[in-house]
file input.txt (compact mmCIF, C-alpha atoms and all ligand atoms)
# COMPACT_ATOMS: atom_id res chain seq x y z
CA MET J 303 36.67 -6.12 1.56
CA GLN J 304 37.16 -8.38 4.55
CA SER J 305 35.67 -5.93 7.05
CA LEU J 306 32.64 -5.57 4.78
CA ASP J 307 31.91 -9.30 4.74
CA VAL J 308 32.54 -9.53 8.49
CA PHE J 309 30.02 -6.74 9.01
CA ALA J 310 27.40 -8.45 6.79
CA GLY J 311 27.99 -11.85 8.41
CA GLU J 312 27.60 -10.47 11.93
CA LYS J 313 24.46 -8.57 11.00
CA LEU J 314 22.91 -11.74 9.51
CA ALA J 315 23.85 -13.84 12.56
CA ALA J 316 22.22 -11.30 14.88
CA LEU J 317 19.01 -11.35 12.79
CA ASP J 318 19.01 -15.16 12.68
CA ALA J 319 19.31 -15.32 16.47
CA LYS J 320 16.10 -13.27 16.81
CA SER J 321 14.14 -15.11 14.06
CA LEU J 322 14.19 -11.85 12.12
CA ARG J 323 16.21 -12.88 9.08
CA ARG J 324 14.15 -12.83 5.90
CA ARG J 325 14.72 -14.88 2.79
CA LEU J 326 13.46 -14.65 -0.74
CA LYS J 327 11.44 -17.65 -1.92
CA PRO J 328 10.97 -17.98 -5.67
CA THR J 329 7.22 -18.13 -6.24
CA ARG J 330 5.15 -18.60 -9.39
CA ARG J 331 1.61 -17.27 -9.37
CA HIS J 332 -1.35 -18.87 -11.10
CA ASP J 333 -5.05 -18.08 -11.56
CA GLY J 334 -7.34 -18.39 -8.58
CA ALA J 335 -4.96 -17.06 -5.90
CA VAL J 336 -2.80 -20.15 -6.26
CA VAL J 337 0.98 -19.89 -5.91
CA GLU J 338 3.69 -22.46 -6.54
CA ARG J 339 6.76 -22.79 -4.32
CA ASP J 340 9.27 -25.66 -4.41
CA GLY J 341 6.91 -27.47 -6.77
CA LYS J 342 4.08 -27.27 -4.23
CA ARG J 343 0.79 -25.46 -4.94
CA LEU J 344 -0.72 -23.35 -2.14
CA ILE J 345 -3.77 -21.09 -1.86
CA SER J 346 -2.29 -17.68 -1.18
CA PHE J 347 -3.65 -15.33 1.46
CA SER J 348 -0.58 -13.13 1.17
CA CYS J 349 -0.94 -11.53 -2.28
CA ASN J 350 -2.25 -7.97 -2.61
CA ASP J 351 -3.85 -8.87 -5.95
CA TYR J 352 -7.28 -8.33 -4.35
CA LEU J 353 -9.29 -8.69 -7.55
CA GLY J 354 -7.05 -11.21 -9.29
CA LEU J 355 -6.45 -8.62 -12.00
CA SER J 356 -2.74 -9.41 -12.43
CA GLN J 357 -3.96 -12.69 -13.98
CA HIS J 358 -7.05 -11.28 -15.78
CA PRO J 359 -7.06 -12.12 -19.51
CA ALA J 360 -7.86 -8.54 -20.62
CA VAL J 361 -5.20 -7.06 -18.33
CA ARG J 362 -2.54 -9.53 -19.46
CA ALA J 363 -3.47 -8.95 -23.10
CA ALA J 364 -3.23 -5.17 -22.70
CA ALA J 365 0.24 -5.47 -21.17
CA ALA J 366 1.42 -7.90 -23.85
CA GLU J 367 0.06 -5.80 -26.69
CA ALA J 368 1.64 -2.60 -25.34
CA ALA J 369 5.00 -4.35 -24.94
CA LEU J 370 4.81 -5.66 -28.51
CA ASN J 371 3.73 -2.33 -29.95
CA TYR J 372 5.83 0.09 -27.92
CA GLY J 373 8.73 -1.87 -26.43
CA ALA J 374 9.65 -3.32 -23.09
CA GLY J 375 10.90 -0.18 -21.35
CA ALA J 376 10.47 3.59 -21.34
CA ALA J 377 14.14 4.29 -22.20
CA ALA J 378 14.41 7.59 -20.28
CA SER J 379 12.92 9.81 -17.63
CA ARG J 380 9.43 11.07 -18.40
CA LEU J 381 10.91 14.56 -18.77
CA VAL J 382 13.26 13.36 -21.50
CA THR J 383 11.62 10.79 -23.84
CA GLY J 384 9.91 8.41 -21.39
CA ASP J 385 6.48 10.07 -21.29
CA HIS J 386 4.50 7.60 -23.42
CA PRO J 387 0.99 8.89 -24.31
CA LEU J 388 -0.50 5.95 -22.34
CA LEU J 389 0.75 7.67 -19.18
CA SER J 390 -1.39 10.76 -19.75
CA ASP J 391 -4.39 8.53 -20.58
CA LEU J 392 -3.81 6.75 -17.28
CA GLU J 393 -3.47 10.02 -15.37
CA ARG J 394 -6.79 11.26 -16.72
CA ARG J 395 -8.47 8.00 -15.66
CA LEU J 396 -6.98 8.11 -12.16
CA ALA J 397 -7.98 11.75 -11.65
CA ARG J 398 -11.52 10.91 -12.75
CA LEU J 399 -11.71 7.93 -10.37
CA LYS J 400 -10.47 10.04 -7.44
CA GLY J 401 -12.39 13.19 -8.35
CA THR J 402 -9.31 15.42 -8.57
CA GLU J 403 -8.19 17.90 -11.24
CA ALA J 404 -5.11 15.96 -12.22
CA ALA J 405 -2.78 13.07 -11.45
CA CYS J 406 0.88 12.16 -11.76
CA VAL J 407 2.10 8.61 -12.37
CA PHE J 408 5.38 7.45 -10.79
CA GLY J 409 7.52 4.33 -11.23
CA SER J 410 6.07 2.80 -8.05
CA GLY J 411 4.11 3.70 -4.94
CA TYR J 412 7.36 3.87 -2.99
CA LEU J 413 8.76 6.32 -5.51
CA ALA J 414 5.56 8.38 -5.35
CA ASN J 415 5.76 8.99 -1.59
CA THR J 416 9.53 9.52 -1.60
CA GLY J 417 9.12 12.05 -4.43
CA VAL J 418 5.98 13.86 -3.34
CA ILE J 419 6.79 14.59 0.31
CA PRO J 420 10.21 16.24 -0.24
CA THR J 421 8.76 18.33 -3.08
CA LEU J 422 6.20 19.86 -0.73
CA VAL J 423 8.05 20.23 2.58
CA GLY J 424 11.66 20.73 3.65
CA PRO J 425 13.82 22.15 6.44
CA GLY J 426 11.79 24.56 8.56
CA ASP J 427 8.58 22.61 7.88
CA ALA J 428 6.92 19.76 9.79
CA VAL J 429 5.52 16.37 8.73
CA PHE J 430 3.07 14.71 11.11
CA VAL J 431 3.07 10.95 10.46
CA ASP J 432 0.78 8.25 11.84
CA ALA J 433 2.85 5.79 13.90
CA LEU J 434 1.78 2.87 11.68
CA ALA J 435 2.13 4.61 8.32
CA HIS J 436 3.90 2.71 5.54
CA ALA J 437 7.71 2.66 5.37
CA CYS J 438 7.79 4.80 2.21
CA ILE J 439 5.94 7.66 3.95
CA TRP J 440 8.67 7.61 6.62
CA SER J 441 11.35 7.52 3.93
CA GLY J 442 9.77 10.48 2.15
CA ALA J 443 9.54 12.40 5.41
CA GLN J 444 13.20 11.68 6.21
CA LEU J 445 14.36 12.69 2.75
CA SER J 446 12.48 15.98 3.02
CA GLY J 447 14.57 17.32 5.91
CA ALA J 448 11.39 18.59 7.59
CA LYS J 449 10.86 17.95 11.30
CA ILE J 450 9.12 14.59 11.70
CA VAL J 451 6.40 14.43 14.35
CA LYS J 452 4.94 10.97 15.01
CA PHE J 453 1.36 10.82 16.26
CA ALA J 454 -0.27 7.81 17.92
CA HIS J 455 -2.04 5.52 15.46
CA ASN J 456 -5.42 6.91 14.36
CA ASP J 457 -5.41 9.11 17.49
CA ILE J 458 -7.03 12.43 16.61
CA ALA J 459 -6.57 13.85 20.12
CA ASP J 460 -2.83 13.13 20.00
CA LEU J 461 -2.49 14.73 16.57
CA GLU J 462 -4.42 17.79 17.73
CA ARG J 463 -2.15 18.17 20.77
CA LEU J 464 0.96 17.90 18.57
CA LEU J 465 -0.38 20.31 15.96
CA ARG J 466 -1.04 22.85 18.72
CA THR J 467 2.53 22.64 20.04
CA GLU J 468 4.52 22.00 16.84
CA ARG J 469 2.59 23.69 14.04
CA PRO J 470 3.34 27.32 15.09
CA GLN J 471 7.11 26.72 14.75
CA ALA J 472 6.82 25.30 11.24
CA ARG J 473 6.48 27.27 8.02
CA ARG J 474 4.47 24.57 6.22
CA ALA J 475 2.91 21.39 7.59
CA LEU J 476 1.91 18.07 6.08
CA VAL J 477 -0.10 15.31 7.76
CA ALA J 478 0.56 11.87 6.25
CA THR J 479 -1.29 8.62 6.85
CA ASP J 480 -2.27 5.38 5.20
CA GLY J 481 -5.97 5.39 4.20
CA VAL J 482 -6.09 1.62 4.80
CA PHE J 483 -3.25 0.47 7.06
CA SER J 484 -1.20 -2.15 5.29
CA MET J 485 -0.48 -4.47 8.22
CA ASP J 486 -3.65 -3.89 10.32
CA GLY J 487 -6.39 -3.38 7.76
CA ASP J 488 -8.02 -0.58 9.71
CA ILE J 489 -9.00 2.74 8.17
CA ALA J 490 -7.82 6.26 8.97
CA PRO J 491 -10.51 8.71 10.22
CA LEU J 492 -10.02 10.85 7.11
CA ASP J 493 -12.98 13.13 7.88
CA GLN J 494 -11.57 14.09 11.28
CA LEU J 495 -8.02 14.37 9.95
CA SER J 496 -9.25 16.64 7.18
CA ALA J 497 -11.09 18.87 9.65
CA LEU J 498 -8.01 19.16 11.89
CA CYS J 499 -5.81 19.97 8.89
CA LYS J 500 -8.16 22.79 7.95
CA VAL J 501 -7.99 24.34 11.44
CA HIS J 502 -4.18 24.14 11.58
CA ASP J 503 -3.43 24.90 7.92
CA ALA J 504 -1.82 21.52 7.28
CA TRP J 505 -1.93 19.54 4.03
CA LEU J 506 -3.36 16.02 4.22
CA LEU J 507 -1.73 13.17 2.31
CA SER J 508 -3.55 9.84 2.31
CA ASP J 509 -1.89 6.69 0.95
CA ASP J 510 -4.63 4.53 -0.57
CA ALA J 511 -2.45 1.62 -1.71
CA HIS J 512 -4.91 -0.88 -0.17
CA GLY J 513 -8.13 1.04 -0.83
CA VAL J 514 -8.25 1.65 -4.56
CA GLY J 515 -10.17 -1.07 -6.36
CA VAL J 516 -11.65 -2.56 -3.20
CA LEU J 517 -13.43 0.10 -1.13
CA ALA J 518 -16.38 2.32 -2.14
CA GLN J 519 -16.88 0.42 -5.42
CA GLY J 520 -13.24 0.76 -6.28
CA ARG J 521 -12.86 4.50 -5.66
CA GLY J 522 -10.90 3.88 -2.48
CA SER J 523 -10.88 4.89 1.17
CA ALA J 524 -11.32 8.64 0.59
CA ALA J 525 -14.72 7.97 -1.00
CA LEU J 526 -15.90 6.49 2.33
CA PHE J 527 -15.67 10.04 3.73
CA PRO J 528 -17.56 12.31 1.31
CA ASP J 529 -17.00 15.35 3.57
CA ALA J 530 -13.23 14.91 3.81
CA ASP J 531 -11.02 17.23 1.79
CA ILE J 532 -7.85 15.30 0.89
CA PRO J 533 -5.66 17.41 -1.39
CA LEU J 534 -2.97 14.70 -1.78
CA GLN J 535 -4.35 11.28 -2.73
CA MET J 536 -1.54 8.81 -3.29
CA GLY J 537 -1.86 5.19 -4.36
CA THR J 538 -0.35 2.28 -6.23
CA LEU J 539 -1.10 0.44 -9.45
CA SER J 540 0.60 -2.64 -8.00
CA LYS J 541 -2.05 -4.12 -5.71
CA ALA J 542 -5.77 -4.35 -6.63
CA LEU J 543 -4.99 -2.97 -10.10
CA GLY J 544 -2.66 -5.91 -10.72
CA SER J 545 0.05 -3.95 -12.54
CA TYR J 546 3.03 -1.91 -11.33
CA GLY J 547 3.54 1.79 -10.65
CA GLY J 548 2.31 4.52 -8.33
CA TYR J 549 0.42 7.80 -8.53
CA LEU J 550 -0.59 10.98 -6.82
CA CYS J 551 -3.95 12.63 -7.53
CA GLY J 552 -4.34 16.31 -6.67
CA SER J 553 -4.90 19.79 -7.99
CA GLN J 554 -3.43 20.90 -11.33
CA ALA J 555 -0.98 23.21 -9.55
CA VAL J 556 0.34 20.45 -7.29
CA ILE J 557 0.67 18.02 -10.19
CA ASP J 558 2.45 20.60 -12.35
CA LEU J 559 4.92 21.23 -9.50
CA LEU J 560 5.58 17.50 -9.04
CA LYS J 561 6.22 17.04 -12.74
CA THR J 562 8.98 19.61 -12.69
CA ARG J 563 10.44 19.04 -9.20
CA ALA J 564 9.82 15.55 -7.76
CA ARG J 565 13.26 13.90 -7.83
CA THR J 566 11.86 10.37 -8.19
CA LEU J 567 10.08 11.49 -11.37
CA VAL J 568 12.82 13.74 -12.77
CA TYR J 569 15.73 11.34 -12.18
CA ALA J 570 14.08 7.93 -12.67
CA THR J 571 13.05 6.18 -15.86
CA GLY J 572 9.37 6.44 -16.79
CA LEU J 573 6.90 3.64 -16.15
CA PRO J 574 7.02 1.02 -18.98
CA PRO J 575 4.09 1.36 -21.43
CA ALA J 576 2.99 -2.22 -20.62
CA SER J 577 2.45 -1.32 -16.95
CA ALA J 578 0.35 1.70 -17.92
CA ALA J 579 -1.70 -0.34 -20.40
CA ALA J 580 -2.32 -3.06 -17.81
CA ALA J 581 -3.47 -0.49 -15.24
CA LEU J 582 -5.83 1.10 -17.78
CA ALA J 583 -7.35 -2.31 -18.58
CA ALA J 584 -7.67 -3.01 -14.84
CA LEU J 585 -9.50 0.30 -14.33
CA ASP J 586 -11.92 -0.75 -17.10
CA VAL J 587 -12.69 -3.93 -15.13
CA VAL J 588 -13.09 -2.02 -11.84
CA GLU J 589 -15.50 0.46 -13.42
CA ALA J 590 -17.49 -2.22 -15.27
CA GLU J 591 -17.80 -4.67 -12.36
CA PRO J 592 -18.70 -2.95 -9.08
CA ALA J 593 -19.85 -6.30 -7.65
CA LEU J 594 -16.33 -7.71 -8.12
CA THR J 595 -14.82 -4.84 -6.10
CA GLU J 596 -17.01 -5.79 -3.12
CA GLN J 597 -15.79 -9.38 -2.99
CA PRO J 598 -12.48 -8.99 -1.11
CA LEU J 599 -14.14 -7.25 1.85
CA ALA J 600 -16.98 -9.79 1.82
CA LYS J 601 -14.44 -12.65 2.04
CA ALA J 602 -12.57 -10.88 4.86
CA ARG J 603 -15.86 -10.50 6.77
CA LEU J 604 -16.70 -14.15 6.27
CA PHE J 605 -13.35 -14.93 7.92
CA THR J 606 -13.70 -12.50 10.84
CA GLN J 607 -17.27 -13.66 11.53
CA ARG J 608 -16.23 -17.31 11.58
CA LEU J 609 -13.49 -16.50 14.10
CA GLY J 610 -15.61 -14.12 16.19
CA LEU J 611 -13.23 -11.23 15.46
CA PRO J 612 -14.43 -7.63 14.97
CA ASP J 613 -15.83 -7.18 11.44
CA ALA J 614 -13.10 -6.59 8.85
CA ARG J 615 -13.02 -3.01 7.51
CA SER J 616 -10.85 -3.84 4.51
CA PRO J 617 -9.53 -6.97 2.78
CA ILE J 618 -6.62 -7.08 5.27
CA VAL J 619 -7.03 -8.96 8.55
CA PRO J 620 -4.19 -9.31 11.09
CA VAL J 621 -3.98 -12.26 13.46
CA ILE J 622 -1.46 -11.16 16.10
CA MET J 623 0.81 -13.97 17.31
CA GLY J 624 3.32 -12.00 19.44
CA GLU J 625 6.89 -13.21 19.02
CA ALA J 626 8.50 -13.70 15.62
CA ASP J 627 9.12 -17.43 16.09
CA THR J 628 5.47 -18.00 17.10
CA ALA J 629 4.30 -16.30 13.92
CA LEU J 630 6.77 -18.30 11.82
CA ALA J 631 5.56 -21.57 13.38
CA ALA J 632 1.92 -20.65 12.70
CA SER J 633 2.75 -19.83 9.10
CA ALA J 634 4.52 -23.19 8.69
CA ALA J 635 1.54 -25.04 10.20
CA LEU J 636 -0.82 -23.38 7.72
CA GLU J 637 1.51 -24.13 4.83
CA ALA J 638 1.35 -27.82 5.74
CA GLN J 639 -2.43 -27.51 5.24
CA GLY J 640 -2.10 -25.94 1.79
CA PHE J 641 -2.32 -22.23 2.71
CA LEU J 642 0.31 -19.60 2.08
CA VAL J 643 0.09 -17.05 4.90
CA VAL J 644 3.40 -15.25 5.30
CA ALA J 645 4.43 -14.23 8.85
CA ILE J 646 5.04 -10.49 9.24
CA ARG J 647 7.75 -9.61 11.75
CA PRO J 648 9.48 -6.51 13.14
CA PRO J 649 10.57 -4.03 11.92
CA THR J 650 7.62 -4.17 9.51
CA VAL J 651 5.33 -4.29 12.58
CA PRO J 652 6.06 -3.17 16.17
CA GLU J 653 8.06 -5.45 18.51
CA GLY J 654 5.89 -8.11 20.14
CA THR J 655 3.17 -7.91 17.45
CA ALA J 656 4.50 -10.41 14.89
CA ARG J 657 1.49 -11.68 13.04
CA LEU J 658 -0.20 -13.55 10.28
CA ARG J 659 -1.41 -10.91 7.86
CA LEU J 660 -4.26 -12.21 5.74
CA ALA J 661 -5.18 -10.53 2.48
CA PHE J 662 -8.49 -11.63 1.00
CA SER J 663 -9.19 -11.74 -2.70
CA ALA J 664 -12.24 -11.97 -4.92
CA GLU J 665 -10.61 -15.16 -6.18
CA HIS J 666 -10.92 -17.02 -2.88
CA ALA J 667 -13.66 -19.65 -2.64
CA ASP J 668 -15.86 -19.26 0.44
CA ALA J 669 -15.12 -22.87 1.41
CA ASP J 670 -11.37 -22.15 1.45
CA VAL J 671 -11.90 -19.01 3.56
CA LEU J 672 -13.86 -21.05 6.12
CA ARG J 673 -11.30 -23.86 6.08
CA LEU J 674 -8.53 -21.31 6.71
CA ALA J 675 -10.53 -19.72 9.55
CA ASP J 676 -10.86 -23.10 11.25
CA ALA J 677 -7.15 -23.80 10.77
CA VAL J 678 -6.26 -20.40 12.28
CA ALA J 679 -8.67 -20.99 15.19
CA ALA J 680 -6.83 -24.21 15.99
CA LEU J 681 -3.54 -22.28 16.27
CA ARG J 682 -4.67 -19.59 18.71
C1 LIG V 1 2.68 -1.38 -1.00
C2 LIG V 1 2.54 -0.04 -0.41
C3 LIG V 1 3.21 1.06 -0.95
C4 LIG V 1 4.24 0.92 -2.05
O1 LIG V 1 3.64 0.73 -3.29
P1 LIG V 1 4.50 0.00 -4.44
O2 LIG V 1 3.77 0.35 -5.68
O3 LIG V 1 4.49 -1.45 -4.12
O4 LIG V 1 5.88 0.59 -4.39
C5 LIG V 1 2.94 2.30 -0.43
N1 LIG V 1 2.10 2.47 0.60
C6 LIG V 1 1.45 1.44 1.16
C7 LIG V 1 0.51 1.69 2.28
C8 LIG V 1 1.67 0.15 0.69
O5 LIG V 1 1.07 -0.89 1.27

call {"tool": "encode", "arguments": {"input": "input.txt", "output": "structure tokens", "more": "lines below"}}
Ligand SMILES: *Cc1c(COP(=O)(O)O)cnc(C)c1O
result
Amino acid sequence: MQSLDVFAGEKLAALDAKSLRRRLKPTRRHDGAVVERDGKRLISFSCNDYLGLSQHPAVRAAAAEAALNYGAGAAASRLVTGDHPLLSDLERRLARLKGTEAACVFGSGYLANTGVIPTLVGPGDAVFVDALAHACIWSGAQLSGAKIVKFAHNDIADLERLLRTERPQARRALVATDGVFSMDGDIAPLDQLSALCKVHDAWLLSDDAHGVGVLAQGRGSAALFPDADIPLQMGTLSKALGSYGGYLCGSQAVIDLLKTRARTLVYATGLPPASAAAALAALDVVEAEPALTEQPLAKARLFTQRLGLPDARSPIVPVIMGEADTALAASAALEAQGFLVVAIRPPTVPEGTARLRLAFSAEHADADVLRLADAVAALR
């Protein structure tokens, strides 16, 4: 055991020396994008609860009622006894929202990508991944055993060059990208990616974790590109929808295959009924209140305009600070002014691009957004 603790201790010391050690901080969340840490209340610009739905009375009530009626957990894999009828209701709703034939719900977004990718490609195949794609796309690609080909971020010419050289050697090919990039807030050119995929017979997977609920009246980033054909539309229930869980929307054949082969569905316990009920109630709110879904982007634009930055394309706005300790100091300075803005450091973002990552919510008051913008301006 001693060598194990020596290993862990040395690893931690090395991270500490580079300001890259991370620590959990117990946090309570309240209405109105307010969080409580160490007894102190802060306005959070670091939650992905873009519409405040995790705190919405109807969403909370739906979760509570489902837990009381059906129990706290699913008790088994969906393929055994864990497939509560609420899950198929939810899948029908998600497929309708995304305009696909069918959908499959997973235990989380991370489990969705790590289950979907290895089901569709394997050794002898190739996965082309955007350089800034989310960690769980990389994990899924690694688990698949397919050749991983990284293309430069949102660079269609680079992807085309790589498809030309690498695609002929591969039996099957998948192109995987975030729809909205989680740490940069920019949007993938899904129309051009879709056209390239058609030419090279590659399958396009777009991860819409940060698009659903907040872009195109809640339908997500794919709906910004009506001409794009995106056969694999992945997303999460855990951000704008305020619940927990993940999904893939696609054709009936793809969904049927996932439900019998995706290891993260077959060998993991089903989503708890309360999470499904909360997501269904959240989708009701999204569909009933299109004006609410436009708020997070409007708040982000208010911020970027005040700072003279390029217009925000999504509710996520990065303010690049450079080194990890600079970003940590900026975060601490904002916290002293009542704002929670967590510093994002490598390896979540590339070396030298440590940043404040701001996530705007419908719950933010315009006055607080402007006050934050002025506080950030003073730090740069
Ligand atoms: C958060 C996130 C995920 C993971 O979703 P969870 O439901 O939190 O597991 C996947 N992809 C992207 C782009 C994300 O930001």

call {"tool": "residues_around", "arguments": {"input": "input.txt", "residues": "range 647-663 of chain J", "least_positions_apart": "4", "cutoff": "6 Å", "atoms": "only C-alpha atoms", "output": "ChimeraX atom specification"}}
result
/J:347-348,352-353,598,602,617-626,629

call {"tool": "residues_near_ligand", "arguments": {"input": "input.txt", "ligand": "ligand LIG 1 (chain V)", "cutoff": "10 Å", "atoms": "only C-alpha atoms and all ligand atoms", "output": "JSON, numbers by chain"}}
result
{"J": [350, 408, 409, 410, 411, 412, 413, 414, 415, 416, 434, 435, 436, 437, 438, 439, 479, 480, 481, 482, 483, 484, 485, 508, 509, 510, 511, 512, 513, 536, 537, 538, 539, 540, 541, 545, 546, 547, 548, 549]}

call {"tool": "atom_distance", "arguments": {"input": "input.txt", "atom1": "CA of Ala584 in chain J", "atom2": "CA of Leu355 in chain J"}}
result
6.4 Å

call {"tool": "closest_residue", "arguments": {"input": "input.txt", "among": "J:Leu642, J:Leu611, J:Leu495, J:Leu392", "to": "Arg331 in chain J", "atoms": "all atoms listed in the file"}}
result
J:Leu642

call {"tool": "closest_residue", "arguments": {"input": "input.txt", "among": "J:Arg323, J:Arg380, J:His332, J:Lys601", "to": "Thr571 in chain J", "atoms": "all atoms listed in the file"}}
result
J:Arg380

call {"tool": "atom_distance", "arguments": {"input": "input.txt", "atom1": "CA of Leu573 in chain J", "atom2": "CA of Ala374 in chain J"}}
result
10.2 Å

call {"tool": "atom_distance", "arguments": {"input": "input.txt", "atom1": "CA of Leu506 in chain J", "atom2": "CA of Pro425 in chain J"}}
result
18.4 Å

call {"tool": "closest_residue", "arguments": {"input": "input.txt", "among": "J:Ala669, J:Ala679, J:Leu389, J:Cys406", "to": "Ala576 in chain J", "atoms": "only C-alpha atoms"}}
result
J:Leu389

call {"tool": "closest_residue", "arguments": {"input": "input.txt", "among": "J:Ile646, J:Ile458, J:Glu665, J:Ala578", "to": "Arg394 in chain J", "atoms": "only C-alpha atoms"}}
result
J:Ala578

call {"tool": "closest_residue", "arguments": {"input": "input.txt", "among": "J:Gln554, J:Thr606, J:Ser446, J:Ser577", "to": "Gly424 in chain J", "atoms": "all atoms listed in the file"}}
result
J:Ser446

call {"tool": "residues_around", "arguments": {"input": "input.txt", "residues": "Pro574 in chain J", "least_positions_apart": "4", "cutoff": "10 Å", "atoms": "only C-alpha atoms", "output": "MDAnalysis selection string"}}
result
chainID J and resid 365 368:369 372:378 384:386 388:389 409 546:547 578:579

call {"tool": "residues_near_point", "arguments": {"input": "input.txt", "point": "(-6.5, -21.0, -2.6)", "cutoff": "6 Å", "atoms": "all atoms listed in the file", "output": "mmCIF file with C-alpha atoms, keeping the file's coordinate frame"}}
result
data_model
loop_
_atom_site.group_PDB
_atom_site.id
_atom_site.type_symbol
_atom_site.label_atom_id
_atom_site.label_comp_id
_atom_site.auth_asym_id
_atom_site.auth_seq_id
_atom_site.Cartn_x
_atom_site.Cartn_y
_atom_site.Cartn_z
ATOM 1 C CA ALA J 335 -4.960 -17.060 -5.900
ATOM 2 C CA VAL J 336 -2.800 -20.150 -6.260
ATOM 3 C CA ILE J 345 -3.770 -21.090 -1.860
ATOM 4 C CA SER J 346 -2.290 -17.680 -1.180
ATOM 5 C CA HIS J 666 -10.920 -17.020 -2.880
#

call {"tool": "residues_near_point", "arguments": {"input": "input.txt", "point": "(-1.5, 14.7, -9.1)", "cutoff": "12 Å", "atoms": "all atoms listed in the file", "output": "MDAnalysis selection string"}}
result
chainID J and resid 390 392:398 400:408 414:415 417:418 507 532:537 548:561 564

call {"tool": "residues_around", "arguments": {"input": "input.txt", "residues": "Asp503 in chain J", "least_positions_apart": "2", "cutoff": "9 Å", "atoms": "all atoms listed in the file", "output": "PDB file with C-alpha atoms, in the coordinates of the input"}}
result
ATOM      1  CA  ARG J 469       2.590  23.690  14.040  1.00  0.00           C
ATOM      2  CA  ARG J 474       4.470  24.570   6.220  1.00  0.00           C
ATOM      3  CA  ALA J 475       2.910  21.390   7.590  1.00  0.00           C
ATOM      4  CA  LEU J 476       1.910  18.070   6.080  1.00  0.00           C
ATOM      5  CA  LEU J 498      -8.010  19.160  11.890  1.00  0.00           C
ATOM      6  CA  CYS J 499      -5.810  19.970   8.890  1.00  0.00           C
ATOM      7  CA  LYS J 500      -8.160  22.790   7.950  1.00  0.00           C
ATOM      8  CA  VAL J 501      -7.990  24.340  11.440  1.00  0.00           C
ATOM      9  CA  TRP J 505      -1.930  19.540   4.030  1.00  0.00           C
TER      10      TRP J 505
END

call {"tool": "closest_residue", "arguments": {"input": "input.txt", "among": "J:Lys327, J:Leu609, J:Asp488, J:Leu317", "to": "Arg339 in chain J", "atoms": "all atoms listed in the file"}}
result
J:Lys327

call {"tool": "decode", "arguments": {"input": "input.txt", "residues": "range 498-525 of chain J", "atoms": "C-alpha atoms", "output": "mmCIF file, in the first residue's frame"}}
result
data_model
loop_
_atom_site.group_PDB
_atom_site.id
_atom_site.type_symbol
_atom_site.label_atom_id
_atom_site.label_comp_id
_atom_site.auth_asym_id
_atom_site.auth_seq_id
_atom_site.Cartn_x
_atom_site.Cartn_y
_atom_site.Cartn_z
ATOM 1 C CA LEU J 498 -18.337 16.601 -46.151
ATOM 2 C CA CYS J 499 -19.642 13.489 -44.403
ATOM 3 C CA LYS J 500 -21.938 12.817 -47.338
ATOM 4 C CA VAL J 501 -19.078 13.032 -49.862
ATOM 5 C CA HIS J 502 -16.813 10.724 -47.825
ATOM 6 C CA ASP J 503 -19.468 8.337 -46.500
ATOM 7 C CA ALA J 504 -18.849 9.247 -42.864
ATOM 8 C CA TRP J 505 -21.453 9.371 -40.085
ATOM 9 C CA LEU J 506 -21.838 12.672 -38.241
ATOM 10 C CA LEU J 507 -22.288 12.738 -34.468
ATOM 11 C CA SER J 508 -23.058 16.102 -32.891
ATOM 12 C CA ASP J 509 -23.025 16.558 -29.110
ATOM 13 C CA ASP J 510 -25.657 19.168 -28.259
ATOM 14 C CA ALA J 511 -25.161 19.208 -24.474
ATOM 15 C CA HIS J 512 -25.086 23.033 -24.487
ATOM 16 C CA GLY J 513 -27.577 23.629 -27.304
ATOM 17 C CA VAL J 514 -30.763 21.871 -26.285
ATOM 18 C CA GLY J 515 -33.129 24.216 -24.467
ATOM 19 C CA VAL J 516 -31.234 27.362 -25.413
ATOM 20 C CA LEU J 517 -30.723 27.587 -29.185
ATOM 21 C CA ALA J 518 -33.366 27.668 -31.947
ATOM 22 C CA GLN J 519 -36.215 27.976 -29.416
ATOM 23 C CA GLY J 520 -34.917 25.048 -27.454
ATOM 24 C CA ARG J 521 -34.463 22.598 -30.333
ATOM 25 C CA GLY J 522 -30.692 22.946 -30.184
ATOM 26 C CA SER J 523 -27.742 23.674 -32.436
ATOM 27 C CA ALA J 524 -28.745 21.287 -35.250
ATOM 28 C CA ALA J 525 -31.906 23.336 -35.822
#
